[in-house]
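Okay, work.txt now, which holds compact mmCIF, C-alpha atoms and all ligand atoms:
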```txt
# COMPACT_ATOMS: atom_id res chain seq x y z
CA MET A 23 62.32 90.94 92.22
CA SER A 24 63.60 89.47 88.98
CA ARG A 25 66.58 87.22 88.92
CA VAL A 26 69.80 87.20 86.98
CA ILE A 27 70.78 83.75 85.73
CA LEU A 28 74.47 83.47 84.86
CA ARG A 29 74.38 80.36 82.71
CA ASP A 30 77.21 77.90 82.05
CA ALA A 31 80.13 79.92 83.43
CA THR A 32 83.60 78.63 84.11
CA VAL A 33 84.09 79.48 87.78
CA LEU A 34 87.34 80.69 89.31
CA GLY A 35 87.03 80.32 93.07
CA ARG A 36 88.78 82.38 95.69
CA ASP A 37 91.32 79.57 96.22
CA GLY A 38 92.26 79.68 92.52
CA ALA A 39 90.46 76.43 91.65
CA VAL A 40 88.77 76.38 88.25
CA SER A 41 85.49 74.48 87.88
CA GLY A 42 82.39 74.42 85.76
CA PRO A 43 80.34 74.84 83.82
CA LYS A 44 78.09 76.20 86.53
CA THR A 45 74.96 78.30 86.55
CA VAL A 46 74.75 80.97 89.21
CA ILE A 47 71.38 82.46 90.15
CA VAL A 48 71.29 85.93 91.65
CA GLU A 49 68.31 87.37 93.47
CA ASN A 50 67.83 90.17 95.98
CA GLY A 51 71.52 91.05 95.89
CA LEU A 52 72.63 87.56 96.85
CA ILE A 53 73.65 84.36 95.11
CA SER A 54 70.62 82.14 95.68
CA ALA A 55 71.94 78.99 94.00
CA VAL A 56 74.96 77.55 92.23
CA VAL A 57 74.18 74.62 89.96
CA SER A 58 76.84 72.42 88.37
CA GLY A 59 76.64 71.07 84.83
CA LEU A 60 75.50 72.49 81.52
CA ALA A 61 72.08 74.06 81.42
CA ALA A 62 71.08 72.67 78.00
CA ASP A 63 69.20 75.83 77.22
CA GLY A 64 67.47 78.65 79.05
CA GLN A 65 64.03 77.05 78.86
CA HIS A 66 65.07 73.84 80.57
CA ALA A 67 65.08 73.31 84.27
CA VAL A 68 68.50 74.04 85.72
CA GLY A 69 67.62 72.98 89.24
CA ARG A 70 68.19 74.69 92.57
CA ALA A 71 70.94 73.54 94.87
CA ALA A 72 68.35 71.59 96.85
CA GLY A 73 67.13 69.88 93.68
CA GLU A 74 63.98 71.95 93.31
CA PRO A 75 63.42 72.66 89.61
CA LEU A 76 63.90 76.18 88.42
CA ARG A 77 62.95 77.59 85.04
CA PRO A 78 63.64 81.09 83.82
CA LEU A 79 60.56 83.15 84.63
CA PRO A 80 59.27 86.12 82.71
CA GLY A 81 61.48 89.02 83.75
CA ASP A 82 64.52 86.87 84.53
CA GLU A 83 67.68 88.06 82.87
CA VAL A 84 69.57 85.10 81.41
CA VAL A 85 73.23 85.75 80.58
CA ASP A 86 75.08 83.24 78.42
CA CYS A 87 78.40 82.88 80.26
CA SER A 88 79.64 79.84 78.32
CA ARG A 89 82.60 81.84 77.01
CA LEU A 90 83.25 83.74 80.22
CA VAL A 91 85.05 83.13 83.51
CA LEU A 92 83.17 84.06 86.67
CA SER A 93 85.11 85.12 89.74
CA PRO A 94 84.44 87.03 92.94
CA GLY A 95 84.98 90.77 92.49
CA LEU A 96 88.41 92.24 93.20
CA VAL A 97 89.24 94.13 96.40
CA ASN A 98 91.51 97.16 96.67
CA LEU A 99 92.36 97.18 100.37
CA HIS A 100 94.26 100.46 100.53
CA THR A 101 93.75 103.59 98.52
CA HIS A 102 93.10 107.30 98.82
CA SER A 103 90.50 107.58 96.09
CA PRO A 104 90.34 111.41 96.00
CA MET A 105 94.05 111.45 95.06
CA ASN A 106 93.05 110.44 91.54
CA ILE A 107 92.75 114.19 91.02
CA PHE A 108 96.57 114.36 91.49
CA LYS A 109 97.43 111.53 89.11
CA GLY A 110 100.69 112.42 87.36
CA ILE A 111 101.19 115.73 89.21
CA ALA A 112 104.34 114.69 91.11
CA GLU A 113 106.62 112.39 89.14
CA ASP A 114 110.26 111.35 89.53
CA ALA A 115 110.25 112.70 93.11
CA THR A 116 111.88 111.21 96.23
CA PRO A 117 109.38 110.34 99.00
CA ASP A 118 110.55 113.42 100.90
CA ARG A 119 109.95 115.77 97.94
CA TRP A 120 106.80 113.90 96.92
CA PHE A 121 105.16 114.48 100.36
CA ASN A 122 106.68 117.74 101.56
CA GLU A 123 107.06 119.75 98.37
CA GLU A 124 104.25 118.41 96.18
CA ILE A 125 101.37 116.39 97.58
CA TRP A 126 100.82 117.86 101.06
CA PRO A 127 101.11 121.49 99.81
CA TYR A 128 98.54 120.77 97.06
CA GLU A 129 96.28 118.88 99.49
CA SER A 130 96.31 121.85 101.89
CA LYS A 131 94.27 123.80 99.31
CA MET A 132 91.95 120.96 98.42
CA ASP A 133 88.23 121.40 99.14
CA GLY A 134 85.31 118.99 99.43
CA ASP A 135 84.36 119.30 95.76
CA ASP A 136 87.92 118.32 94.74
CA VAL A 137 87.70 115.33 97.08
CA GLU A 138 84.40 114.11 95.68
CA ALA A 139 85.44 114.65 92.03
CA GLY A 140 88.67 112.67 92.60
CA ALA A 141 86.82 109.89 94.43
CA ALA A 142 84.22 109.59 91.66
CA LEU A 143 86.98 109.32 89.06
CA ALA A 144 88.78 106.67 91.12
CA ILE A 145 85.62 104.65 91.65
CA ALA A 146 84.89 104.65 87.91
CA GLU A 147 88.40 103.35 87.23
CA MET A 148 88.11 100.68 89.93
CA LEU A 149 84.73 99.43 88.68
CA ASP A 150 86.20 99.27 85.18
CA ASN A 151 89.02 97.10 86.57
CA GLY A 152 86.65 94.61 88.20
CA VAL A 153 86.89 96.02 91.74
CA THR A 154 83.69 95.52 93.72
CA ALA A 155 84.91 96.72 97.15
CA TYR A 156 87.68 98.98 98.36
CA ALA A 157 89.08 100.53 101.52
CA ASP A 158 89.52 104.29 101.50
CA HIS A 159 91.67 106.48 103.75
CA TYR A 160 91.28 110.24 103.34
CA PHE A 161 90.09 113.49 104.86
CA SER A 162 86.69 115.05 103.98
CA ALA A 163 85.52 111.44 104.08
CA GLU A 164 81.85 112.47 103.92
CA ARG A 165 82.48 113.47 100.30
CA VAL A 166 84.11 110.08 99.63
CA CYS A 167 81.03 108.40 101.15
CA SER A 168 78.80 110.50 98.93
CA ALA A 169 80.72 109.41 95.80
CA VAL A 170 80.54 105.78 96.95
CA GLU A 171 76.81 105.98 97.58
CA LYS A 172 76.15 107.35 94.08
CA SER A 173 78.40 104.86 92.28
CA GLY A 174 77.23 101.36 93.24
CA ILE A 175 80.63 100.17 94.58
CA ARG A 176 81.15 98.92 98.14
CA ALA A 177 83.61 100.79 100.32
CA ASP A 178 85.07 100.74 103.79
CA VAL A 179 85.85 104.38 104.50
CA ALA A 180 88.28 105.64 107.15
CA PRO A 181 88.21 109.39 107.88
CA THR A 182 91.90 110.30 108.22
CA LEU A 183 93.25 111.89 111.41
CA PHE A 184 96.54 113.79 111.53
CA GLY A 185 98.18 114.35 114.91
CA MET A 186 100.41 117.10 113.51
CA ALA A 187 97.46 119.08 112.18
CA GLY A 188 96.34 120.11 115.72
CA ASP A 189 92.97 119.82 117.52
CA PHE A 190 93.12 116.06 117.58
CA GLU A 191 90.12 115.87 119.93
CA GLY A 192 88.02 117.82 117.44
CA GLN A 193 89.21 115.71 114.52
CA LEU A 194 88.37 112.54 116.43
CA ALA A 195 84.91 113.79 117.43
CA ARG A 196 84.09 114.71 113.81
CA ALA A 197 85.39 111.36 112.54
CA ALA A 198 83.27 109.53 115.13
CA ASP A 199 80.21 111.48 113.97
CA LEU A 200 80.93 110.42 110.37
CA VAL A 201 81.29 106.80 111.43
CA ARG A 202 77.91 106.90 113.18
CA GLU A 203 76.28 108.70 110.25
CA TRP A 204 77.55 106.51 107.41
CA ASN A 205 78.29 103.04 108.83
CA GLY A 206 76.03 100.55 107.04
CA ARG A 207 74.53 103.17 104.68
CA ALA A 208 73.06 101.82 101.43
CA GLY A 209 74.12 98.32 102.56
CA ARG A 210 77.42 99.04 100.84
CA ILE A 211 79.34 101.38 103.13
CA SER A 212 81.25 100.45 106.26
CA MET A 213 83.30 102.86 108.34
CA ARG A 214 86.36 102.79 110.56
CA LEU A 215 88.78 105.36 111.99
CA GLY A 216 91.88 106.28 109.98
CA PRO A 217 94.76 107.64 112.08
CA HIS A 218 97.28 108.56 109.36
CA SER A 219 100.39 106.85 110.74
CA PRO A 220 102.55 106.44 113.85
CA TYR A 221 104.83 109.18 112.50
CA THR A 222 102.06 111.81 112.23
CA CYS A 223 100.08 110.71 115.35
CA SER A 224 101.57 110.34 118.83
CA PRO A 225 101.23 107.07 120.81
CA GLU A 226 98.67 108.86 123.04
CA GLU A 227 96.63 109.93 120.01
CA LEU A 228 96.73 106.39 118.63
CA ALA A 229 95.48 105.09 121.98
CA GLU A 230 92.61 107.63 121.84
CA CYS A 231 91.74 106.30 118.37
CA ALA A 232 91.73 102.72 119.66
CA LYS A 233 89.42 103.69 122.52
CA ALA A 234 87.06 105.62 120.22
CA ALA A 235 87.02 102.81 117.62
CA SER A 236 86.27 100.26 120.34
CA ASP A 237 83.40 102.44 121.66
CA LEU A 238 82.03 102.78 118.12
CA GLY A 239 82.36 99.04 117.46
CA VAL A 240 84.59 99.54 114.42
CA GLY A 241 88.23 99.00 113.49
CA THR A 242 90.97 101.25 112.17
CA HIS A 243 93.05 101.71 109.02
CA ILE A 244 96.57 103.14 109.32
CA HIS A 245 99.85 103.43 107.40
CA VAL A 246 102.66 101.42 109.01
CA GLU A 247 106.22 100.83 107.85
CA ASP A 248 105.98 101.86 104.23
CA SER A 249 109.65 102.89 104.28
CA GLU A 250 112.74 101.69 106.10
CA PRO A 251 113.79 105.07 107.58
CA GLN A 252 110.45 105.23 109.46
CA ILE A 253 111.56 102.28 111.58
CA ALA A 254 114.85 103.85 112.67
CA ALA A 255 113.09 107.18 113.35
CA SER A 256 110.47 105.47 115.53
CA VAL A 257 113.08 103.51 117.47
CA GLU A 258 115.00 106.72 118.10
CA ARG A 259 111.89 108.66 119.14
CA TYR A 260 109.94 106.04 121.10
CA GLY A 261 112.41 103.19 121.59
CA ARG A 262 109.97 101.00 119.68
CA THR A 263 109.27 100.07 116.05
CA PRO A 264 106.17 101.64 114.42
CA LEU A 265 104.20 98.39 114.50
CA ARG A 266 104.96 97.98 118.21
CA VAL A 267 103.76 101.55 118.84
CA VAL A 268 100.55 100.68 116.99
CA ALA A 269 100.14 97.43 118.94
CA ASP A 270 100.87 99.08 122.30
CA ALA A 271 98.20 101.70 121.53
CA GLY A 272 95.67 98.85 121.27
CA LEU A 273 94.99 99.08 117.54
CA THR A 274 95.95 95.47 116.77
CA SER A 275 93.33 94.22 119.26
CA LEU A 276 90.62 95.62 116.94
CA PRO A 277 89.97 94.98 113.24
CA LEU A 278 92.94 96.64 111.54
CA ILE A 279 93.98 97.39 107.97
CA ILE A 280 97.67 98.17 107.76
CA GLY A 281 98.46 100.17 104.66
CA HIS A 282 101.83 98.86 103.42
CA GLY A 283 103.56 96.99 106.29
CA TYR A 284 106.17 96.43 103.62
CA TRP A 285 109.14 96.53 105.99
CA ILE A 286 107.59 94.40 108.76
CA MET A 287 110.38 92.54 110.57
CA ASP A 288 110.30 88.86 111.38
CA GLU A 289 110.20 89.62 115.11
CA GLU A 290 107.19 91.91 114.60
CA ARG A 291 105.03 89.25 112.99
CA GLU A 292 103.91 87.99 116.40
CA LEU A 293 102.34 91.42 117.08
CA LEU A 294 99.65 90.78 114.48
CA ARG A 295 96.30 89.48 115.74
CA GLU A 296 93.33 87.90 114.04
CA GLY A 297 91.45 90.58 112.13
CA ASN A 298 94.66 92.42 111.21
CA TRP A 299 95.44 92.70 107.51
CA ILE A 300 98.32 94.11 105.47
CA ALA A 301 97.56 95.86 102.17
CA VAL A 302 100.70 95.75 100.03
CA CYS A 303 100.93 98.30 97.19
CA MET A 304 104.04 97.28 95.26
CA LYS A 305 103.82 99.79 92.44
CA THR A 306 104.14 102.70 94.87
CA TYR A 307 107.24 101.26 96.55
CA MET A 308 108.91 100.68 93.20
CA LYS A 309 107.99 104.11 91.90
CA LEU A 310 109.21 105.92 95.02
CA GLY A 311 112.41 103.85 95.07
CA GLU A 312 111.65 102.42 98.53
CA GLY A 313 113.90 99.38 98.25
CA PRO A 314 113.28 95.67 98.65
CA GLY A 315 110.99 95.47 101.73
CA ARG A 316 110.64 92.39 103.92
CA VAL A 317 107.45 90.62 102.88
CA TRP A 318 109.12 88.01 100.70
CA ARG A 319 110.06 85.33 103.21
CA ARG A 320 107.26 82.93 104.18
CA PRO A 321 104.63 85.31 102.74
CA ASP A 322 101.85 82.80 103.42
CA GLU A 323 102.37 83.38 107.15
CA LEU A 324 101.47 87.05 106.75
CA PRO A 325 97.89 88.32 106.26
CA LEU A 326 98.89 89.90 102.95
CA CYS A 327 96.25 91.55 100.79
CA ILE A 328 96.47 93.86 97.79
CA GLY A 329 96.10 97.63 97.73
CA THR A 330 96.91 100.21 95.09
CA ASP A 331 97.67 103.24 97.27
CA GLY A 332 96.56 106.56 95.78
CA ALA A 333 96.90 107.34 92.09
CA ALA A 334 99.30 110.21 92.89
CA SER A 335 101.93 107.55 93.60
CA SER A 336 100.75 104.47 91.71
CA ASN A 337 98.93 106.12 88.76
CA THR A 338 96.50 103.19 88.38
CA LEU A 339 93.93 101.61 90.68
CA SER A 340 94.23 98.05 89.41
CA PRO A 341 94.50 95.30 92.04
CA LEU A 342 95.30 92.81 89.25
CA GLU A 343 98.30 94.86 88.21
CA GLN A 344 99.45 95.18 91.84
CA ALA A 345 99.11 91.42 92.42
CA ARG A 346 101.07 90.85 89.21
CA ILE A 347 103.89 93.13 90.36
CA LEU A 348 103.93 91.50 93.81
CA ALA A 349 104.32 88.05 92.25
CA LEU A 350 106.98 89.25 89.81
CA MET A 351 108.94 91.02 92.55
CA GLY A 352 108.64 87.96 94.80
CA LYS A 353 110.20 85.78 92.14
CA TYR A 354 112.83 88.39 91.36
CA GLN A 355 113.80 89.09 94.98
CA GLU A 356 113.99 85.42 95.92
CA ARG A 357 115.68 84.47 92.63
CA ASP A 358 113.13 81.71 92.54
CA ALA A 359 110.63 81.27 89.69
CA GLU A 360 108.54 79.00 91.93
CA ALA A 361 108.06 81.70 94.58
CA PHE A 362 104.70 83.50 94.64
CA PRO A 363 102.94 80.96 92.40
CA LEU A 364 99.66 81.83 90.67
CA ARG A 365 97.39 80.47 93.37
CA SER A 366 99.23 82.26 96.12
CA ALA A 367 99.01 85.60 94.25
CA TRP A 368 95.29 85.07 93.60
CA LYS A 369 94.63 84.13 97.24
CA THR A 370 96.45 87.29 98.32
CA LEU A 371 94.11 89.26 96.09
CA MET A 372 90.98 87.45 97.33
CA ARG A 373 92.00 87.75 101.01
CA GLY A 374 90.91 91.39 100.87
CA HIS A 375 87.30 90.15 101.09
CA ASP A 376 88.05 88.73 104.57
CA ALA A 377 89.42 92.09 105.69
CA LEU A 378 86.12 93.85 104.96
CA PRO A 379 82.82 93.26 106.74
CA PHE A 380 80.70 92.62 103.63
CA GLY A 381 80.80 88.81 103.54
CA SER A 382 81.75 88.88 99.85
CA GLY A 383 84.35 86.77 98.06
CA ARG A 384 82.49 83.44 97.79
CA ILE A 385 80.56 81.96 94.90
CA GLU A 386 78.01 80.00 96.90
CA ALA A 387 74.38 80.27 97.92
CA GLY A 388 73.83 83.03 100.45
CA ALA A 389 76.90 85.08 99.52
CA PRO A 390 76.58 88.66 98.27
CA ALA A 391 76.51 88.77 94.46
CA ASP A 392 79.73 90.76 94.01
CA LEU A 393 80.95 89.14 90.82
CA VAL A 394 83.01 89.71 87.69
CA LEU A 395 82.61 87.92 84.37
CA TRP A 396 85.94 87.91 82.55
CA ASP A 397 86.24 87.61 78.78
CA LEU A 398 89.57 85.88 78.22
CA ARG A 399 88.86 85.27 74.52
CA ARG A 400 90.60 88.49 73.62
CA PRO A 401 93.99 88.86 71.93
CA ASN A 402 95.77 89.85 75.14
CA THR A 403 94.63 86.77 77.10
CA PHE A 404 93.74 84.03 74.57
CA PRO A 405 94.15 81.01 74.48
CA ALA A 406 94.00 81.12 78.30
CA TYR A 407 95.18 77.56 78.97
CA ASP A 408 95.05 78.52 82.62
CA PRO A 409 92.47 81.26 83.40
CA LEU A 410 94.47 82.21 86.48
CA ALA A 411 97.63 82.81 84.45
CA ALA A 412 95.64 84.77 81.87
CA LEU A 413 94.17 87.00 84.57
CA LEU A 414 97.28 87.53 86.66
CA TYR A 415 99.80 87.96 83.88
CA SER A 416 97.89 89.15 80.82
CA ALA A 417 94.52 90.71 81.63
CA ASP A 418 93.49 94.33 82.00
CA ALA A 419 90.22 96.25 82.40
CA SER A 420 89.15 95.36 78.86
CA ASN A 421 88.77 91.73 79.97
CA ALA A 422 86.26 92.62 82.73
CA ARG A 423 83.19 92.25 80.51
CA HIS A 424 80.41 92.42 83.09
CA SER A 425 80.46 93.00 86.83
CA MET A 426 77.92 93.42 89.58
CA VAL A 427 77.88 94.59 93.20
CA ALA A 428 75.12 93.31 95.47
CA GLY A 429 73.39 91.83 92.42
CA ARG A 430 73.27 95.14 90.52
CA TRP A 431 75.21 95.53 87.30
CA VAL A 432 77.94 98.15 87.51
CA LYS A 433 79.57 97.21 84.20
CA ARG A 434 77.75 95.55 81.32
CA ASP A 435 79.13 94.50 77.93
CA GLY A 436 82.37 96.32 78.65
CA GLU A 437 80.69 99.62 79.54
CA LEU A 438 80.42 101.23 82.97
CA LEU A 439 76.86 101.98 84.05
CA LEU A 440 77.91 105.43 85.19
CA ASP A 441 77.90 108.81 83.46
CA VAL A 442 81.63 108.59 82.76
CA GLU A 443 81.64 111.69 80.57
CA ALA A 444 80.21 113.80 83.40
CA ILE A 445 82.64 112.30 85.94
CA VAL A 446 85.63 113.08 83.71
CA ALA A 447 84.35 116.58 82.91
CA ARG A 448 83.89 117.33 86.62
CA ALA A 449 87.38 116.02 87.44
CA GLY A 450 88.78 118.14 84.61
CA GLU A 451 87.26 121.30 86.10
CA ARG A 452 88.61 120.49 89.56
CA ALA A 453 92.08 119.58 88.19
CA ALA A 454 92.27 122.96 86.44
CA GLY A 455 91.26 124.58 89.73
CA ILE A 456 93.98 122.72 91.62
CA LEU A 457 96.64 124.11 89.28
CA ARG A 458 95.12 127.60 89.61
CA LYS A 459 95.07 127.42 93.42
CA GLY A 460 98.64 126.10 93.50
CA LYS A 461 100.43 124.88 96.60
CA GLY A 462 99.74 126.05 100.12
CA LYS A 463 101.50 125.73 103.46
CA THR A 464 101.24 122.48 105.40
CA ASP A 465 101.84 121.60 109.04
CA LEU A 466 102.63 118.02 108.06
CA ALA A 467 106.15 116.74 107.60
CA PHE A 468 107.35 113.42 106.27
ZN ZN B 501 98.54 105.17 101.53
```
Conversion result in structure tokens:
Amino acid sequence: MSRVILRDATVLGRDGAVSGPKTVIVENGLISAVVSGLAADGQHAVGRAAGEPLRPLPGDEVVDCSRLVLSPGLVNLHTHSPMNIFKGIAEDATPDRWFNEEIWPYESKMDGDDVEAGAALAIAEMLDNGVTAYADHYFSAERVCSAVEKSGIRADVAPTLFGMAGDFEGQLARAADLVREWNGRAGRISMRLGPHSPYTCSPEELAECAKAASDLGVGTHIHVEDSEPQIAASVERYGRTPLRVVADAGLTSLPLIIGHGYWIMDEERELLREGNWIAVCMKTYMKLGEGPGRVWRRPDELPLCIGTDGAASSNTLSPLEQARILALMGKYQERDAEAFPLRSAWKTLMRGHDALPFGSGRIEAGAPADLVLWDLRRPNTFPAYDPLAALLYSADASNARHSMVAGRWVKRDGELLLDVEAIVARAGERAAGILRKGKGKTDLAF
């Protein structure tokens, strides 16, 4: 198989350190070597890590990266990709109205084709933004998996289970079948179970999920403490906070992605175990007027990662934007311009790689080639004295010039390698259908 030689890049590591120039060689989906120093030109030996000479061979693709910054791909650790079909449908609504009067009634009439069209649209947007892996949480997850398989992105997909929707046993059995069917597919898909939340699933149902996940050898992904009233409601109903209910059910003993965790209390931090991660989605909390949250004090002691939530609440699927808002809010809340410094925000973004089982997030020999080449020589980011500042505070999708997942280009010269026109046309048809179908009845209640 031919190689891709990324020549003379400035490298931004997962810890925020900038180094280079370096030449990164990609073969068979992996980084096979990282060589420091200028490669004088493509015909000269650039050397393998072990010192063995290497010259571009016929068929090698040599990319001049001397004006680009190379980083690991971005991770979106919490989203509901099919909800891109609802982007902008429920605005200026309280969380109560947003769930009960808008989103859940529309979702009750959603079919598999709507799900796949929304997921495809979301994946296109994420790839455009430099995302190489994401964690999904939605129903009809087989259609999400299908969109992922076709697109080239990596995803960790959690079929969602709702206790209030009835027939929990049946839901769990179908979700387990999906996990067995799709886990590991295409080398890019991993699966876990997705109980919706401790307010829509009972403690017994959560315990059943933990048992099933353990039997399947996977983890879970669940919403916990995205609003303050949920905590009081849980204490009144169960005498325990939502995170304690989740821990008592056994979910924290397995790999766990917590969507939100925004109101986690200091005394709950000890409930978190290794392999538990919190995906914070600041734009959603701000948009739904959720208040200040509790993640600001000693944030480095929390396993914070970045999510976007669904586009129905956050409108964009840009982890960079979410990391930017987290850092800005951290400074604002703490009245401290030194809080949430650049490196800390970047590490929060990169930590999402550790939460997923793909081994990505490193620029070193043997790591999966999930990479983005950023062009910071654009008006919005130049002169980029500090590439990290340019990325976190100035960049957008237009700066993600090339990106690859498992060594395969997914964006090249600023263009997605997808049939974007067809994806948008399909989503347009389904969006028109959603308005025609209107809202249905839902058993769920927020
Ligand atoms: Zn969510």
>> Set the distance at 8 Å and use all atoms listed in the file: which residues neighbour A:Gly152 once local chain neighbours fewer than 4 positions away are removed? I'd like the list as a PyMOL selection string.
In response: chain A and resi 95-96+148+394+419+422+425
>> Using all atoms listed in the file, which residues have at least one atom no more than 12 Å from ligand ZN 501 (chain B)? Output them as a PyMOL selection string.
In response: chain A and resi 98-105+121+157-160+180+182+216-219+243-249+279-284+300-307+329-336
> Do you know which residues are at most 12 Å from A:Tyr260 counting only C-alpha atoms, after dropping those on the same chain fewer than 4 positions away, and could you put them as an NGL selection string?
Replying inline: :A and (220-221 or 224-226 or 252-256 or 264-268 or 270)
> Of the candidates A:Trp299, A:Leu92, A:Arg29, A:Asp189, which one gets nearest to A:Ala61 if we count all atoms listed in the file?
Replying inline: A:Arg29
>> Residues within 8 Å of A:Leu60, please, as a ChimeraX atom specification. Count all atoms listed in the file; anything in the same chain fewer than 2 positions from it doesn't count.
In response: /A:30,43-45,58,62
Keeping only C-alpha atoms, write the selected residues to a file as an mmCIF file, in the coordinates of the input.
```cif
data_model
loop_
_atom_site.group_PDB
_atom_site.id
_atom_site.type_symbol
_atom_site.label_atom_id
_atom_site.label_comp_id
_atom_site.auth_asym_id
_atom_site.auth_seq_id
_atom_site.Cartn_x
_atom_site.Cartn_y
_atom_site.Cartn_z
ATOM 1 C CA ASP A 30 77.210 77.900 82.050
ATOM 2 C CA PRO A 43 80.340 74.840 83.820
ATOM 3 C CA LYS A 44 78.090 76.200 86.530
ATOM 4 C CA THR A 45 74.960 78.300 86.550
ATOM 5 C CA SER A 58 76.840 72.420 88.370
ATOM 6 C CA ALA A 62 71.080 72.670 78.000
#
```
